[in-house]
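**Student:** Got a file for you: query_8.txt, compact mmCIF, C-alpha atoms.
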# COMPACT_ATOMS: atom_id res chain seq x y z
CA MET A 1 0.64 -18.73 6.58
CA ILE A 2 1.53 -15.24 7.69
CA SER A 3 2.19 -14.01 11.18
CA TYR A 4 2.35 -10.33 12.05
CA PRO A 5 4.59 -8.91 14.78
CA LYS A 6 2.61 -7.16 17.51
CA ARG A 7 1.83 -3.54 16.71
CA GLU A 8 4.08 -3.56 13.66
CA ALA A 9 1.27 -4.01 11.16
CA ILE A 10 -1.10 -1.14 10.67
CA ALA A 11 -3.89 -0.32 8.27
CA LEU A 12 -3.06 2.43 5.85
CA LEU A 13 -6.02 4.76 5.44
CA LEU A 14 -5.27 7.30 2.79
CA LEU A 15 -6.98 10.53 1.84
CA ALA A 16 -7.92 10.68 -1.80
CA CYS A 17 -6.59 13.63 -3.74
CA SER A 18 -9.36 16.06 -4.60
CA GLY A 19 -9.28 17.12 -8.23
CA ASN A 20 -6.45 16.72 -10.71
CA ASN A 21 -3.35 18.58 -9.58
CA GLU A 22 -1.33 20.01 -12.41
CA VAL A 23 2.37 19.61 -11.81
CA ALA A 24 5.44 21.66 -12.44
CA ASP A 25 8.65 20.34 -13.97
CA ALA A 26 10.16 17.49 -12.00
CA PHE A 27 13.55 17.30 -10.39
CA ALA A 28 15.02 13.83 -10.07
CA LEU A 29 16.57 12.13 -7.05
CA SER A 30 19.29 9.56 -7.33
CA PRO A 31 18.32 6.06 -6.13
CA GLN A 32 19.62 5.31 -2.66
CA PRO A 33 19.76 1.98 -0.86
CA HIS A 34 17.08 0.61 1.38
CA ARG A 35 14.57 2.95 2.82
CA THR A 36 11.56 2.82 4.93
CA LEU A 37 4.04 4.08 6.33
CA ALA A 38 4.12 4.15 10.03
CA SER A 39 3.48 1.80 12.92
CA THR A 40 0.96 3.92 14.72
CA SER A 41 -2.70 4.15 15.56
CA LEU A 42 -5.27 4.84 12.88
CA ALA A 43 -5.86 8.26 14.35
CA ALA A 44 -2.38 9.31 13.25
CA GLU A 45 -2.14 12.83 11.93
CA GLY A 46 -2.39 13.02 8.17
CA PHE A 47 -4.78 10.13 7.73
CA ALA A 48 -8.56 10.14 7.60
CA PRO A 49 -11.29 7.52 7.86
CA ALA A 50 -12.14 5.76 4.64
CA VAL A 51 -15.72 4.99 3.66
CA VAL A 52 -16.03 1.68 1.88
CA LYS A 53 -18.70 1.32 -0.76
CA GLU A 54 -21.57 -0.60 0.73
CA ARG A 55 -21.25 -4.31 0.13
CA PRO A 56 -22.98 -7.28 1.68
CA THR A 57 -21.23 -8.75 4.69
CA LYS A 58 -21.90 -11.90 6.63
CA LYS A 59 -21.94 -11.86 10.39
CA ILE A 60 -19.21 -14.18 11.63
CA THR A 61 -20.48 -16.60 14.19
CA LYS A 62 -18.29 -17.94 16.97
CA VAL A 63 -17.59 -21.53 17.85
CA ASN A 64 -16.20 -22.20 21.34
CA GLY A 65 -15.42 -18.50 21.65
CA GLU A 66 -13.43 -18.36 18.40
CA SER A 67 -14.49 -16.78 15.12
CA SER A 68 -15.40 -19.34 12.49
CA ILE A 69 -13.39 -17.52 9.83
CA ASP A 70 -12.26 -20.80 8.33
CA ALA A 71 -15.88 -21.51 7.40
CA LEU A 72 -16.11 -18.42 5.20
CA SER A 73 -16.01 -18.51 1.44
CA ALA A 74 -13.34 -16.50 -0.35
CA ASP A 75 -15.88 -13.82 -1.26
CA GLU A 76 -17.08 -13.56 2.34
CA ALA A 77 -13.50 -13.33 3.62
CA LYS A 78 -12.71 -10.63 1.07
CA CYS A 79 -15.75 -8.57 2.08
CA ALA A 80 -14.90 -8.98 5.76
CA LEU A 81 -11.27 -7.94 5.17
CA ILE A 82 -12.23 -4.81 3.23
CA ASP A 83 -14.81 -3.96 5.87
CA LEU A 84 -12.35 -4.40 8.75
CA ILE A 85 -9.24 -2.55 7.52
CA PRO A 86 -10.72 0.99 7.59
CA ARG A 87 -12.16 0.33 11.06
CA MET A 88 -9.09 -1.09 12.79
CA THR A 89 -8.27 0.46 16.16
CA GLY A 90 -4.93 -1.20 16.85
CA GLU A 91 -6.30 -4.11 18.87
CA ASP A 92 -4.50 -7.45 18.64
CA GLU A 93 -7.82 -9.07 17.73
CA ASP A 94 -8.00 -6.92 14.60
CA TYR A 95 -4.55 -8.03 13.44
CA ARG A 96 -5.35 -11.67 14.08
CA ALA A 97 -8.52 -11.33 12.02
CA VAL A 98 -6.66 -9.64 9.14
CA GLU A 99 -4.05 -12.42 9.28
CA SER A 100 -6.78 -15.06 9.13
CA TYR A 101 -8.65 -13.40 6.28
CA ILE A 102 -5.48 -13.08 4.19
CA ASN A 103 -4.43 -16.65 4.89
CA LEU A 104 -7.87 -17.90 3.88
CA LEU A 105 -7.88 -15.88 0.65
CA GLU A 106 -4.41 -17.10 -0.26
CA ASP A 107 -5.35 -20.69 0.52
CA LYS A 108 -8.47 -20.57 -1.65
CA TYR A 109 -6.86 -18.63 -4.51
CA SER A 110 -6.40 -20.39 -7.86
CA PRO A 111 -3.53 -18.65 -9.71
CA VAL A 112 -4.09 -17.27 -13.18
CA GLN A 113 -2.79 -19.80 -15.68
CA THR A 114 -1.66 -17.59 -18.59
CA ILE A 115 0.49 -14.48 -18.75
CA ASP A 116 -2.12 -12.67 -20.86
CA PHE A 117 -4.86 -13.14 -18.27
CA LEU A 118 -2.45 -12.25 -15.45
CA ASN A 119 -1.47 -9.01 -17.17
CA LEU A 120 -5.09 -8.14 -17.90
CA ALA A 121 -6.07 -8.62 -14.24
CA MET A 122 -2.97 -6.98 -12.77
CA ALA A 123 -2.61 -3.88 -14.94
CA GLY A 124 -3.87 -0.53 -13.65
CA GLU A 125 -3.67 1.58 -10.51
CA TRP A 126 -3.86 -0.04 -7.07
CA GLN A 127 -4.27 1.86 -3.81
CA LEU A 128 -2.31 0.51 -0.85
CA LEU A 129 -4.66 -0.31 2.02
CA PHE A 130 -2.52 -2.35 4.37
CA SER A 131 1.08 -3.38 4.84
CA THR A 132 2.63 -5.64 7.44
CA ASN A 133 5.81 -3.57 7.21
CA LEU A 134 4.78 -0.18 8.59
CA MET A 135 7.51 0.63 11.05
CA GLY A 136 7.98 4.40 11.06
CA ARG A 137 6.03 7.07 12.87
CA PRO A 138 4.05 9.98 11.43
CA HIS A 139 5.57 13.43 11.48
CA LYS A 140 3.57 16.61 12.02
CA LYS A 141 5.20 18.23 8.99
CA LEU A 142 4.11 15.56 6.51
CA ARG A 143 0.75 14.23 5.32
CA LEU A 144 0.47 11.36 2.85
CA ARG A 145 -2.81 11.70 0.98
CA GLU A 146 -2.54 8.70 -1.29
CA LEU A 147 -0.18 5.84 -2.02
CA VAL A 148 -0.83 4.09 -5.33
CA GLN A 149 1.00 1.38 -7.26
CA LYS A 150 0.63 1.59 -11.04
CA VAL A 151 1.30 -1.58 -13.02
CA GLU A 152 1.89 -1.42 -16.77
CA ALA A 153 2.35 -4.91 -18.23
CA ASP A 154 4.02 -5.96 -21.47
CA GLY A 155 4.23 -9.72 -21.77
CA PHE A 156 6.73 -11.06 -19.23
CA ASN A 157 8.04 -7.57 -18.53
CA GLY A 158 6.60 -4.24 -17.49
CA THR A 159 6.91 -1.13 -15.38
CA LEU A 160 5.79 -0.57 -11.81
CA THR A 161 5.47 2.93 -10.35
CA ASN A 162 4.73 3.71 -6.71
CA LEU A 163 3.14 7.17 -6.40
CA ALA A 164 2.83 9.03 -3.09
CA GLN A 165 0.86 12.29 -2.91
CA TRP A 166 2.15 14.47 -0.11
CA ASP A 167 1.52 17.75 1.72
CA TYR A 168 4.42 19.36 3.55
CA ALA A 169 4.52 22.06 6.24
CA GLU A 170 8.14 23.11 6.45
CA ASP A 171 7.34 25.49 9.32
CA GLY A 172 5.41 22.77 11.10
CA GLU A 173 2.08 24.61 10.76
CA THR A 174 1.13 25.57 7.18
CA PHE A 175 0.87 22.84 4.55
CA ASP A 176 1.82 25.09 1.64
CA ALA A 177 3.94 22.61 -0.31
CA ASN A 178 2.46 19.60 -2.07
CA GLY A 179 3.18 17.25 -4.92
CA LYS A 180 3.99 13.70 -5.92
CA PHE A 181 6.86 11.39 -5.09
CA SER A 182 7.41 8.59 -7.61
CA VAL A 183 9.37 5.36 -7.29
CA LYS A 184 9.90 4.12 -10.84
CA CYS A 185 10.73 0.46 -11.38
CA SER A 186 10.89 -2.18 -14.08
CA TYR A 187 10.02 -5.83 -13.54
CA SER A 188 10.20 -9.21 -15.20
CA ILE A 189 8.17 -12.35 -14.56
CA ASN A 190 10.32 -15.46 -14.51
CA GLN A 191 8.47 -17.94 -12.30
CA GLY A 192 4.68 -18.30 -12.18
CA ALA A 193 3.38 -14.85 -11.20
CA ARG A 194 6.58 -13.74 -9.45
CA MET A 195 7.65 -10.21 -10.39
CA VAL A 196 11.36 -9.51 -9.99
CA VAL A 197 11.62 -5.77 -9.46
CA ASP A 198 14.48 -3.39 -10.26
CA LEU A 199 14.51 0.20 -9.05
CA ASN A 200 15.15 2.72 -11.83
CA ASP A 201 14.66 6.14 -10.28
CA HIS A 202 13.08 8.32 -7.62
CA GLU A 203 11.38 11.53 -8.69
CA MET A 204 9.98 14.45 -6.72
CA ARG A 205 7.42 16.52 -8.60
CA PRO A 206 5.91 19.57 -6.88
CA ALA A 207 2.35 20.52 -7.82
CA LYS A 208 1.79 23.62 -9.90
CA GLY A 209 1.62 26.61 -7.59
CA SER A 210 3.20 24.72 -4.69
CA LYS A 211 5.82 26.35 -2.53
CA ILE A 212 9.21 24.74 -3.17
CA PRO A 213 10.65 23.46 0.12
CA GLU A 214 14.01 24.85 1.09
CA ASP A 215 15.04 21.56 2.68
CA VAL A 216 14.30 19.02 -0.05
CA PRO A 217 16.53 16.32 1.48
CA GLY A 218 14.60 16.76 4.73
CA LEU A 219 11.31 16.19 2.91
CA VAL A 220 12.73 13.10 1.21
CA GLY A 221 13.85 11.84 4.60
CA LEU A 222 10.31 12.19 6.00
CA LEU A 223 8.89 10.38 2.96
CA HIS A 224 11.48 7.65 3.41
CA TRP A 225 10.37 7.25 7.03
CA ALA A 226 6.63 7.35 6.22
CA ILE A 227 6.47 5.02 3.22
CA PRO A 228 6.90 1.24 3.67
CA LYS A 229 10.43 0.21 2.83
CA GLU A 230 9.36 -2.24 0.16
CA ILE A 231 7.43 0.55 -1.57
CA PHE A 232 10.17 3.19 -1.25
CA ASP A 233 12.95 0.88 -2.43
CA PRO A 234 11.84 -2.45 -3.93
CA ASN A 235 15.22 -3.04 -5.55
CA GLY A 236 16.49 -6.61 -5.35
CA HIS A 237 13.16 -8.03 -4.25
CA ALA A 238 10.38 -10.01 -5.88
CA MET A 239 6.61 -9.96 -5.46
CA ASP A 240 4.43 -13.05 -5.55
CA THR A 241 0.79 -12.42 -6.39
CA THR A 242 -0.98 -14.52 -3.75
CA TYR A 243 -4.52 -13.25 -4.44
CA LEU A 244 -5.95 -11.33 -7.38
CA ASP A 245 -9.43 -10.50 -8.60
CA ALA A 246 -11.11 -7.53 -10.25
CA ASP A 247 -10.61 -5.14 -7.33
CA LEU A 248 -8.43 -6.78 -4.65
CA ARG A 249 -4.77 -7.73 -4.91
CA ILE A 250 -2.49 -9.26 -2.30
CA VAL A 251 1.24 -9.61 -2.85
CA ARG A 252 3.90 -11.34 -0.80
CA LEU A 253 7.42 -9.94 -0.81
CA THR A 254 10.41 -12.21 -1.03
CA GLY A 255 14.01 -11.08 -0.76
CA PRO A 256 16.84 -10.27 1.66
CA ASN A 257 15.05 -7.68 3.80
CA HIS A 258 11.29 -8.02 3.35
CA GLU A 259 10.69 -11.77 3.22
CA GLY A 260 7.06 -12.59 3.97
CA VAL A 261 5.80 -8.98 4.03
CA ARG A 262 2.24 -8.68 2.70
CA ASN A 263 0.76 -5.69 0.88
CA VAL A 264 -3.01 -5.45 0.35
CA PHE A 265 -4.13 -3.28 -2.56
CA MET A 266 -7.57 -2.16 -3.72
CA ARG A 267 -8.08 -1.13 -7.32
CA LYS A 268 -8.20 2.65 -7.38
CA GLY A 269 -11.80 3.86 -7.55
CA SER A 270 -13.14 0.86 -5.63
CA LEU A 271 -13.13 2.86 -2.37
CA GLU A 272 -14.91 6.07 -1.52
CA ILE A 273 -12.62 8.13 0.72
CA SER A 274 -14.07 10.79 3.00
CA PRO A 275 -11.58 13.63 3.69
CA MET A 276 -11.32 14.97 7.26
As structure tokens, how would this structure be written, given the file I've shared?

**Tutor:**
Amino acid sequence: MISYPKREAIALLLLACSGNNEVADAFALSPQPHRTLASTSLAAEGFAPAVVKERPTKKITKVNGESSIDALSADEAKCALIDLIPRMTGEDEDYRAVESYINLLEDKYSPVQTIDFLNLAMAGEWQLLFSTNLMGRPHKKLRLRELVQKVEADGFNGTLTNLAQWDYAEDGETFDANGKFSVKCSYSINQGARMVVDLNDHEMRPAKGSKIPEDVPGLVGLLHWAIPKEIFDPNGHAMDTTYLDADLRIVRLTGPNHEGVRNVFMRKGSLEISPM
């Protein structure tokens, strides 16, 4: 079972990048120890409402004043979870419902039995929708437009890359710098579906035509504050796949600093995002 601290979990609604941004040559950043998307309301600057593709949902009845979530099937709980996350308003009831949906999905999940099927289901690009470890606060100079985890599997090993698309207004007004921030990792699977992750590198890559910020360390600091710690620096931690199907993936972090943290991912392209 998972239990979320009050106000510390927050849905991550991300603006999709419009078009394919060409990028200039990258400049690399040395890996640094433990870093920390923000514990805030969904109206936080830099985020926009997401529009979920229409899918059938079942109205949840109440028994003795309580939602009968436990009576839902896994498919119904999945649909309800995906429907709820973009519409969360920061109410405790929303977090309790998300907790219940995730617990139900994990309880009903039958793990993939072979590494080949696991790799087939897991590989690809996954957009982060929700984390229980969003502790920072948004900054008016930074907008995160997308946060994606790319999994490339090769037997019991593979690579995992966390990609954040950002816009930056160094003067606090004009967002004239933009690009991608990459967290490049390798992983190995040594127990069931547990991925032991090692951080290889951080890389900042400005988009072609972007203004180059004068204070690059300051930009990295804002990214560090805005991105969940387990995404910014997953070194020394492992991820258990607690639910996985064609378009939804839930992982549980285990390790010295992020034990029990849940990340909810949607396969990229499964959501229609409406920019502000």

**Student:** Using only C-alpha atoms, find the one residue out of A:Val98, A:Val216, A:Leu223, A:Ile82 that sits nearest to Ile69 in chain A.

**Tutor:** A:Val98

**Student:** Go through A:Asp247, A:Asp154, A:Glu125, A:Glu99 one by one, measure the shortest atom-to-atom distance of each to Arg262 in chain A using all atoms listed in the file, and give the residue with the smallest value.

**Tutor:** A:Glu99

**Student:** Do a neighbour search on range 180-194 of chain A at 6 Å with all atoms listed in the file, toss out local chain neighbours closer than 5 positions, and write the hits as an NGL selection string.

**Tutor:** :A and (156-165 or 199-205 or 239-241)

**Student:** Could you check which of A:Gly155, A:Gly124, A:Gly260, A:Gly172 is closest to Ala246 in chain A, using only C-alpha atoms?

**Tutor:** A:Gly124

**Student:** At what distance in Å, to one decimal, does CA of Lys78 in chain A lie from CA of Glu91 in chain A?

**Tutor:**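 Computed distance, CA of Glu91 in chain A to CA of Lys78 in chain A, equals 20.0 Å.
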
**Student:** For a test of reading the model, state the distance in Å between CA of Asp107 in chain A and CA of Val251 in chain A, rounded to one decimal.

**Tutor:**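 Separation between CA of Asp107 in chain A and CA of Val251 in chain A: 13.3 Å.
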
**Student:** For Val151 in chain A, which of A:Phe265, A:Leu219, A:Ala77, A:Pro111 is the closest residue, counting only C-alpha atoms?

**Tutor:**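 Ranked by minimum distance to Val151 in chain A, first place goes to A:Phe265.
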
**Student:** One decimal, Å: what's the distance from CA of Ile227 in chain A over to CA of Asn133 in chain A, could you say?

**Tutor:** 9.5 Å
